[in-house]
Each structure stands twice: as structure tokens, then as C-alpha cells.
Amino acid sequence: LPRFPGKASPVAGTLADQAAAISVARLGGEWREDQRRTVPTVYGFTTRQYVAAGTDSAGRAQFAQLMSGVLSPRLKDKYTSPENLAPVTNAVAASARKKFFPEGNTARKTAQQTLTVNGLPGRLSAYEITTGDTKTTMVVAAVSTGADLPSIVYMSVPDSKKELLPDINTVFTSIKALS
């Protein structure tokens, strides 16, 4: 994962995702925590932090988003072992492209690496998503916590909010397993 230049948003503590058995940085500054009960059904994740980022080329509201949760049961066949998480991050990215971006978007993988979270195996994949003339940086991490399905951390930052890119480094180094 590249080190994004600039000043990261302040960290306002940690956000524990009990369902996924992980925590991530609770971002301050412009970031807000989405506390609606509908987050799991609307987004497919347990927690969501966001910053409004204008509209995309199709005129839809766009957001920088940070979400965490357990891998969707729809994608469970992509999880074959704790050490083989690339199919999981690729499937989550493909699913996110369908759900959060207008049709006709393209993806280019920009980084992939293994992660270790409190000694647990993990994998991170980063992508540049292009829709029309807008670009978004999307990063997906999967962590094998010992549960039946891995935990997922998803983050996307549209170019209209590129000053938030350093927050990606903050978030993906902040992931911890809950004991």
C-alpha cells in the first residue's frame, strides 16, 4: 500500500466491531459515524464512517467511506483458508463496485500485500476505480479471526476528497483483533 502524502485526519479513538471481532480507528475531523440501524442492511457492513464528497458523474451522492463487518455469506465460497485471502478481497471489491459505483466503472489493482493483525493472517488489496471522469481509491482488507468467515475492512476515497487519502494509511495500520 503506498504511503499517501499529506496530513491525516485526527484519530478520535477506536471503533469496535463486535460482530467482526476487530476494531479500527475512529476518524475525527470531517469524518462522521453512521449510527443508523439500517447500516448492515443498506451497506452490508456492521460499522460505517463517512464524509460527504459531492456527486459522481451520474449525479448520485458520493462519499468517502470506511466500513467493517464479517464477510457477506453470499461470498463465503471465496473463503477457502485463513492463508488464502486474495479471492476474498477480490470478491469484496467486485461486489463493492456493483453496489457503490455507477455501471460501467473500471478497476485497476494498485497494491496487494499480506497483513498480520495481532498475529492473525490478513490480506489487503487496493484499487483505483474509474467512473466517467471520476477516480476513487478503494482498499479492502480481510482478516482471518478464527471465526467461520473472515472480517472485512473496506475504505473508499473519491478524488473529490483526495486530502483524505492519508487516512487510508491510518486505518489499515489501526486494525486490531478484539480479544
# chains A, B, ... in the order shown; residues from 1 in each chain; ligands from 1
$ residues_around --residues "range 47-59 of chain A" --least-positions-apart "6" --cutoff "9 Å" --atoms "only C-alpha atoms" --output "number ranges by chain"
A: 15-17, 26-27, 30-35, 39-40, 65-69, 101-102, 131-134, 157-161
$ write_last_selection --atoms "N, CA, C and O atoms" --output "compact mmCIF listing (two decimals), in the first residue's frame"
# COMPACT_ATOMS: atom_id res chain seq x y z
N LEU A 15 -13.11 2.28 16.98
CA LEU A 15 -14.47 1.84 16.76
C LEU A 15 -14.45 0.32 16.75
O LEU A 15 -13.86 -0.30 15.86
N ALA A 16 -15.04 -0.28 17.77
CA ALA A 16 -15.06 -1.74 17.90
C ALA A 16 -16.25 -2.30 17.12
O ALA A 16 -17.36 -1.81 17.23
N ASP A 17 -15.96 -3.32 16.33
CA ASP A 17 -17.00 -4.05 15.59
C ASP A 17 -17.07 -5.42 16.25
O ASP A 17 -16.29 -6.32 15.93
N ARG A 26 -11.31 5.30 14.90
CA ARG A 26 -12.48 6.17 14.75
C ARG A 26 -11.89 7.50 14.28
O ARG A 26 -11.14 8.14 15.02
N LEU A 27 -12.20 7.86 13.05
CA LEU A 27 -11.59 9.06 12.47
C LEU A 27 -12.33 10.31 12.91
O LEU A 27 -13.55 10.32 13.01
N GLU A 30 -13.50 15.71 9.54
CA GLU A 30 -14.75 15.70 8.77
C GLU A 30 -15.53 14.40 8.90
O GLU A 30 -16.69 14.32 8.49
N TRP A 31 -14.87 13.34 9.35
CA TRP A 31 -15.50 12.01 9.37
C TRP A 31 -16.64 11.95 10.39
O TRP A 31 -16.54 12.51 11.48
N ARG A 32 -17.70 11.26 10.03
CA ARG A 32 -18.85 11.05 10.91
C ARG A 32 -19.11 9.55 11.00
O ARG A 32 -18.96 8.83 10.03
N GLU A 33 -19.60 9.12 12.16
CA GLU A 33 -20.00 7.72 12.31
C GLU A 33 -21.48 7.61 11.96
O GLU A 33 -22.30 8.39 12.45
N ASP A 34 -21.80 6.67 11.09
CA ASP A 34 -23.19 6.43 10.69
C ASP A 34 -23.80 5.52 11.76
O ASP A 34 -23.44 4.36 11.86
N GLN A 35 -24.70 6.07 12.56
CA GLN A 35 -25.25 5.29 13.66
C GLN A 35 -26.66 4.77 13.38
O GLN A 35 -27.33 4.24 14.27
N VAL A 39 -27.59 0.49 8.71
CA VAL A 39 -26.27 0.32 8.08
C VAL A 39 -26.03 -1.13 7.62
O VAL A 39 -25.65 -1.34 6.46
N PRO A 40 -26.26 -2.16 8.46
CA PRO A 40 -26.00 -3.53 7.98
C PRO A 40 -26.83 -3.92 6.76
O PRO A 40 -26.31 -4.56 5.84
N GLN A 65 -15.83 6.52 2.44
CA GLN A 65 -16.44 5.60 3.40
C GLN A 65 -15.40 4.68 4.02
O GLN A 65 -14.44 4.29 3.35
N LEU A 66 -15.63 4.33 5.25
CA LEU A 66 -14.84 3.33 5.96
C LEU A 66 -15.85 2.42 6.66
O LEU A 66 -16.65 2.90 7.46
N MET A 67 -15.81 1.14 6.28
CA MET A 67 -16.78 0.21 6.86
C MET A 67 -16.09 -1.08 7.30
O MET A 67 -15.04 -1.44 6.76
N SER A 68 -16.68 -1.72 8.29
CA SER A 68 -16.14 -3.01 8.75
C SER A 68 -17.31 -3.97 8.98
O SER A 68 -18.44 -3.54 9.22
N GLY A 69 -16.99 -5.26 8.89
CA GLY A 69 -18.01 -6.27 9.13
C GLY A 69 -17.46 -7.65 8.81
O GLY A 69 -16.29 -7.79 8.45
N PHE A 101 -20.81 1.96 -6.96
CA PHE A 101 -20.33 2.76 -8.09
C PHE A 101 -21.29 2.60 -9.27
O PHE A 101 -21.90 1.55 -9.43
N PRO A 102 -21.42 3.64 -10.11
CA PRO A 102 -22.28 3.54 -11.28
C PRO A 102 -21.82 2.42 -12.22
O PRO A 102 -20.63 2.07 -12.24
N THR A 131 -14.88 5.91 -12.95
CA THR A 131 -16.25 6.02 -13.45
C THR A 131 -16.32 7.34 -14.19
O THR A 131 -16.20 8.40 -13.57
N GLY A 132 -16.49 7.27 -15.52
CA GLY A 132 -16.51 8.53 -16.27
C GLY A 132 -15.18 9.23 -16.05
O GLY A 132 -14.11 8.65 -16.23
N ASP A 133 -15.27 10.48 -15.59
CA ASP A 133 -14.03 11.23 -15.33
C ASP A 133 -13.68 11.29 -13.85
O ASP A 133 -12.84 12.08 -13.43
N THR A 134 -14.34 10.46 -13.01
CA THR A 134 -14.02 10.45 -11.58
C THR A 134 -13.25 9.19 -11.20
O THR A 134 -13.52 8.12 -11.73
N VAL A 157 -12.07 6.38 -1.07
CA VAL A 157 -11.88 7.83 -1.03
C VAL A 157 -11.92 8.35 -2.46
O VAL A 157 -11.01 8.08 -3.25
N PRO A 158 -12.99 9.10 -2.82
CA PRO A 158 -13.05 9.68 -4.16
C PRO A 158 -12.03 10.81 -4.33
O PRO A 158 -11.65 11.45 -3.35
N ASP A 159 -11.62 11.03 -5.58
CA ASP A 159 -10.66 12.11 -5.86
C ASP A 159 -11.14 13.48 -5.37
O ASP A 159 -10.34 14.32 -5.03
N SER A 160 -12.48 13.67 -5.32
CA SER A 160 -13.01 14.96 -4.85
C SER A 160 -12.65 15.20 -3.38
O SER A 160 -12.76 16.32 -2.89
N LYS A 161 -12.21 14.16 -2.68
CA LYS A 161 -11.79 14.28 -1.27
C LYS A 161 -10.39 13.70 -1.10
O LYS A 161 -10.08 13.07 -0.08
$ residues_around --residues "Ala93 in chain A" --least-positions-apart "2" --cutoff "9 Å" --atoms "only C-alpha atoms" --output "list in words"
Val88, Thr89, Asn90, Ala91, Ser95, Ala96, Arg97, Lys98, Ser125, Ala126, Tyr127, Met138, Val139, Val140 and Tyr154 of chain A
$ atom_distance --atom1 "CA of Val42 in chain A" --atom2 "CA of Thr136 in chain A"
20.5 Å
$ residues_around --residues "Leu149 in chain A" --least-positions-apart "2" --cutoff "10 Å" --atoms "only C-alpha atoms" --output "PyMOL selection string"
chain A and resi 20+70-73+75-82+142-147+151-152
$ write_last_selection --atoms "C-alpha atoms" --output "mmCIF file, in the first residue's frame"
data_model
loop_
_atom_site.group_PDB
_atom_site.id
_atom_site.type_symbol
_atom_site.label_atom_id
_atom_site.label_comp_id
_atom_site.auth_asym_id
_atom_site.auth_seq_id
_atom_site.Cartn_x
_atom_site.Cartn_y
_atom_site.Cartn_z
ATOM 1 C CA ALA A 20 -16.412 -8.927 13.182
ATOM 2 C CA VAL A 70 -17.949 -10.018 8.593
ATOM 3 C CA LEU A 71 -17.609 -11.315 5.027
ATOM 4 C CA SER A 72 -21.051 -11.474 3.408
ATOM 5 C CA PRO A 73 -22.497 -15.009 3.465
ATOM 6 C CA LEU A 75 -19.294 -14.522 -0.773
ATOM 7 C CA LYS A 76 -18.463 -17.320 1.689
ATOM 8 C CA ASP A 77 -17.397 -19.718 -1.091
ATOM 9 C CA LYS A 78 -14.428 -17.362 -1.763
ATOM 10 C CA TYR A 79 -13.037 -18.154 1.720
ATOM 11 C CA THR A 80 -11.180 -21.450 1.488
ATOM 12 C CA SER A 81 -8.463 -20.993 4.126
ATOM 13 C CA PRO A 82 -7.148 -18.356 6.564
ATOM 14 C CA ALA A 142 -9.671 -9.378 5.017
ATOM 15 C CA VAL A 143 -8.550 -10.739 8.404
ATOM 16 C CA SER A 144 -8.950 -14.363 9.499
ATOM 17 C CA THR A 145 -10.044 -14.006 13.127
ATOM 18 C CA GLY A 146 -10.678 -17.713 13.720
ATOM 19 C CA ALA A 147 -14.417 -17.319 13.071
ATOM 20 C CA SER A 151 -13.573 -9.890 8.934
ATOM 21 C CA ILE A 152 -13.547 -7.208 6.242
#
$ atom_distance --atom1 "CA of Ala107 in chain A" --atom2 "CA of Leu1 in chain A"
16.1 Å
$ residues_around --residues "range 8-14 of chain A" --least-positions-apart "4" --cutoff "8 Å" --atoms "only C-alpha atoms" --output "PyMOL selection string"
chain A and resi 23-30+164-167+170
$ select_by_dssp --residues "range 21-163 of chain A" --states "helix (DSSP H, G or I)" --output "ChimeraX atom specification"
/A:39-43,73-78,86-100,159-163
$ atom_distance --atom1 "CA of Gly6 in chain A" --atom2 "CA of Ser174 in chain A"
17.9 Å
$ decode --residues "range 59-75 of chain A" --atoms "all heavy atoms" --output "tab-separated table (two decimals), in the first residue's frame"
chain	number	residue	atom	x	y	z
A	59	GLY	N	-24.53	11.83	-11.10
A	59	GLY	CA	-25.32	12.73	-10.26
A	59	GLY	C	-25.72	12.14	-8.93
A	59	GLY	O	-26.50	12.73	-8.19
A	60	ARG	N	-25.18	10.94	-8.59
A	60	ARG	CA	-25.50	10.33	-7.30
A	60	ARG	C	-24.57	10.86	-6.22
A	60	ARG	O	-23.40	11.13	-6.49
A	60	ARG	CB	-25.37	8.81	-7.38
A	60	ARG	CG	-26.34	8.17	-8.35
A	60	ARG	CD	-26.38	6.67	-8.27
A	60	ARG	NE	-25.09	6.04	-7.96
A	60	ARG	CZ	-24.85	4.76	-8.10
A	60	ARG	NH1	-25.77	3.95	-8.55
A	60	ARG	NH2	-23.67	4.26	-7.80
A	61	ALA	N	-25.09	10.94	-4.99
A	61	ALA	CA	-24.27	11.37	-3.85
A	61	ALA	C	-23.07	10.43	-3.72
A	61	ALA	O	-23.20	9.21	-3.88
A	61	ALA	CB	-25.10	11.37	-2.57
A	62	GLN	N	-21.93	11.03	-3.44
A	62	GLN	CA	-20.69	10.26	-3.32
A	62	GLN	C	-20.13	10.49	-1.92
A	62	GLN	O	-20.29	11.56	-1.34
A	62	GLN	CB	-19.71	10.80	-4.37
A	62	GLN	CG	-18.70	9.83	-4.84
A	62	GLN	CD	-17.83	10.42	-5.94
A	62	GLN	OE1	-17.69	11.62	-6.11
A	62	GLN	NE2	-17.19	9.54	-6.69
A	63	PHE	N	-19.47	9.46	-1.38
A	63	PHE	CA	-18.93	9.54	-0.03
A	63	PHE	C	-17.55	8.92	0.03
A	63	PHE	O	-17.27	7.95	-0.68
A	63	PHE	CB	-19.82	8.77	0.97
A	63	PHE	CG	-21.20	9.32	1.09
A	63	PHE	CD1	-22.23	8.82	0.30
A	63	PHE	CD2	-21.48	10.34	1.99
A	63	PHE	CE1	-23.51	9.32	0.39
A	63	PHE	CE2	-22.77	10.85	2.09
A	63	PHE	CZ	-23.78	10.35	1.30
A	64	ALA	N	-16.70	9.45	0.90
A	64	ALA	CA	-15.55	8.70	1.37
A	64	ALA	C	-16.16	7.81	2.45
A	64	ALA	O	-16.96	8.29	3.27
A	64	ALA	CB	-14.50	9.63	1.95
A	65	GLN	N	-15.83	6.52	2.44
A	65	GLN	CA	-16.44	5.60	3.40
A	65	GLN	C	-15.40	4.68	4.02
A	65	GLN	O	-14.44	4.29	3.35
A	65	GLN	CB	-17.47	4.69	2.72
A	65	GLN	CG	-18.53	5.39	1.93
A	65	GLN	CD	-19.67	4.45	1.59
A	65	GLN	OE1	-20.61	4.35	2.37
A	65	GLN	NE2	-19.62	3.77	0.46
A	66	LEU	N	-15.63	4.33	5.25
A	66	LEU	CA	-14.84	3.33	5.96
A	66	LEU	C	-15.85	2.42	6.66
A	66	LEU	O	-16.65	2.90	7.46
A	66	LEU	CB	-13.93	4.01	6.99
A	66	LEU	CG	-13.33	3.11	8.08
A	66	LEU	CD1	-12.54	1.96	7.48
A	66	LEU	CD2	-12.47	3.93	9.01
A	67	MET	N	-15.81	1.14	6.28
A	67	MET	CA	-16.78	0.21	6.86
A	67	MET	C	-16.09	-1.08	7.30
A	67	MET	O	-15.04	-1.44	6.76
A	67	MET	CB	-17.87	-0.11	5.82
A	67	MET	CG	-18.65	1.14	5.43
A	67	MET	SD	-20.02	0.85	4.30
A	67	MET	CE	-19.17	0.63	2.75
A	68	SER	N	-16.68	-1.72	8.29
A	68	SER	CA	-16.14	-3.01	8.75
A	68	SER	C	-17.31	-3.97	8.98
A	68	SER	O	-18.44	-3.54	9.22
A	68	SER	CB	-15.33	-2.84	10.04
A	68	SER	OG	-16.19	-2.47	11.11
A	69	GLY	N	-16.99	-5.26	8.89
A	69	GLY	CA	-18.01	-6.27	9.13
A	69	GLY	C	-17.46	-7.65	8.81
A	69	GLY	O	-16.29	-7.79	8.45
A	70	VAL	N	-18.31	-8.64	8.93
A	70	VAL	CA	-17.95	-10.02	8.59
A	70	VAL	C	-18.20	-10.19	7.10
A	70	VAL	O	-19.13	-9.59	6.55
A	70	VAL	CB	-18.80	-11.00	9.42
A	70	VAL	CG1	-18.53	-12.44	9.03
A	70	VAL	CG2	-18.54	-10.80	10.91
A	71	LEU	N	-17.40	-11.02	6.44
A	71	LEU	CA	-17.61	-11.32	5.03
A	71	LEU	C	-19.06	-11.72	4.78
A	71	LEU	O	-19.62	-12.53	5.52
A	71	LEU	CB	-16.69	-12.46	4.59
A	71	LEU	CG	-16.83	-12.91	3.13
A	71	LEU	CD1	-16.36	-11.82	2.17
A	71	LEU	CD2	-16.07	-14.20	2.90
A	72	SER	N	-19.67	-11.15	3.75
A	72	SER	CA	-21.05	-11.47	3.41
A	72	SER	C	-21.20	-12.98	3.15
A	72	SER	O	-20.38	-13.57	2.45
A	72	SER	CB	-21.45	-10.72	2.14
A	72	SER	OG	-22.65	-11.25	1.61
A	73	PRO	N	-22.26	-13.58	3.72
A	73	PRO	CA	-22.50	-15.01	3.46
A	73	PRO	C	-22.60	-15.33	1.96
A	73	PRO	O	-22.26	-16.42	1.53
A	73	PRO	CB	-23.83	-15.30	4.18
A	73	PRO	CG	-23.91	-14.24	5.24
A	73	PRO	CD	-23.23	-13.03	4.67
A	74	ARG	N	-23.01	-14.33	1.15
A	74	ARG	CA	-23.09	-14.53	-0.31
A	74	ARG	C	-21.71	-14.82	-0.92
A	74	ARG	O	-21.62	-15.38	-1.99
A	74	ARG	CB	-23.67	-13.30	-1.01
A	74	ARG	CG	-25.16	-13.09	-0.83
A	74	ARG	CD	-25.66	-11.87	-1.61
A	74	ARG	NE	-24.93	-10.64	-1.29
A	74	ARG	CZ	-24.07	-10.01	-2.08
A	74	ARG	NH1	-23.80	-10.45	-3.27
A	74	ARG	NH2	-23.46	-8.92	-1.70
A	75	LEU	N	-20.65	-14.37	-0.25
A	75	LEU	CA	-19.29	-14.52	-0.77
A	75	LEU	C	-18.51	-15.60	-0.03
A	75	LEU	O	-17.31	-15.75	-0.25
A	75	LEU	CB	-18.55	-13.19	-0.68
A	75	LEU	CG	-19.18	-12.00	-1.42
A	75	LEU	CD1	-18.40	-10.73	-1.16
A	75	LEU	CD2	-19.29	-12.27	-2.91
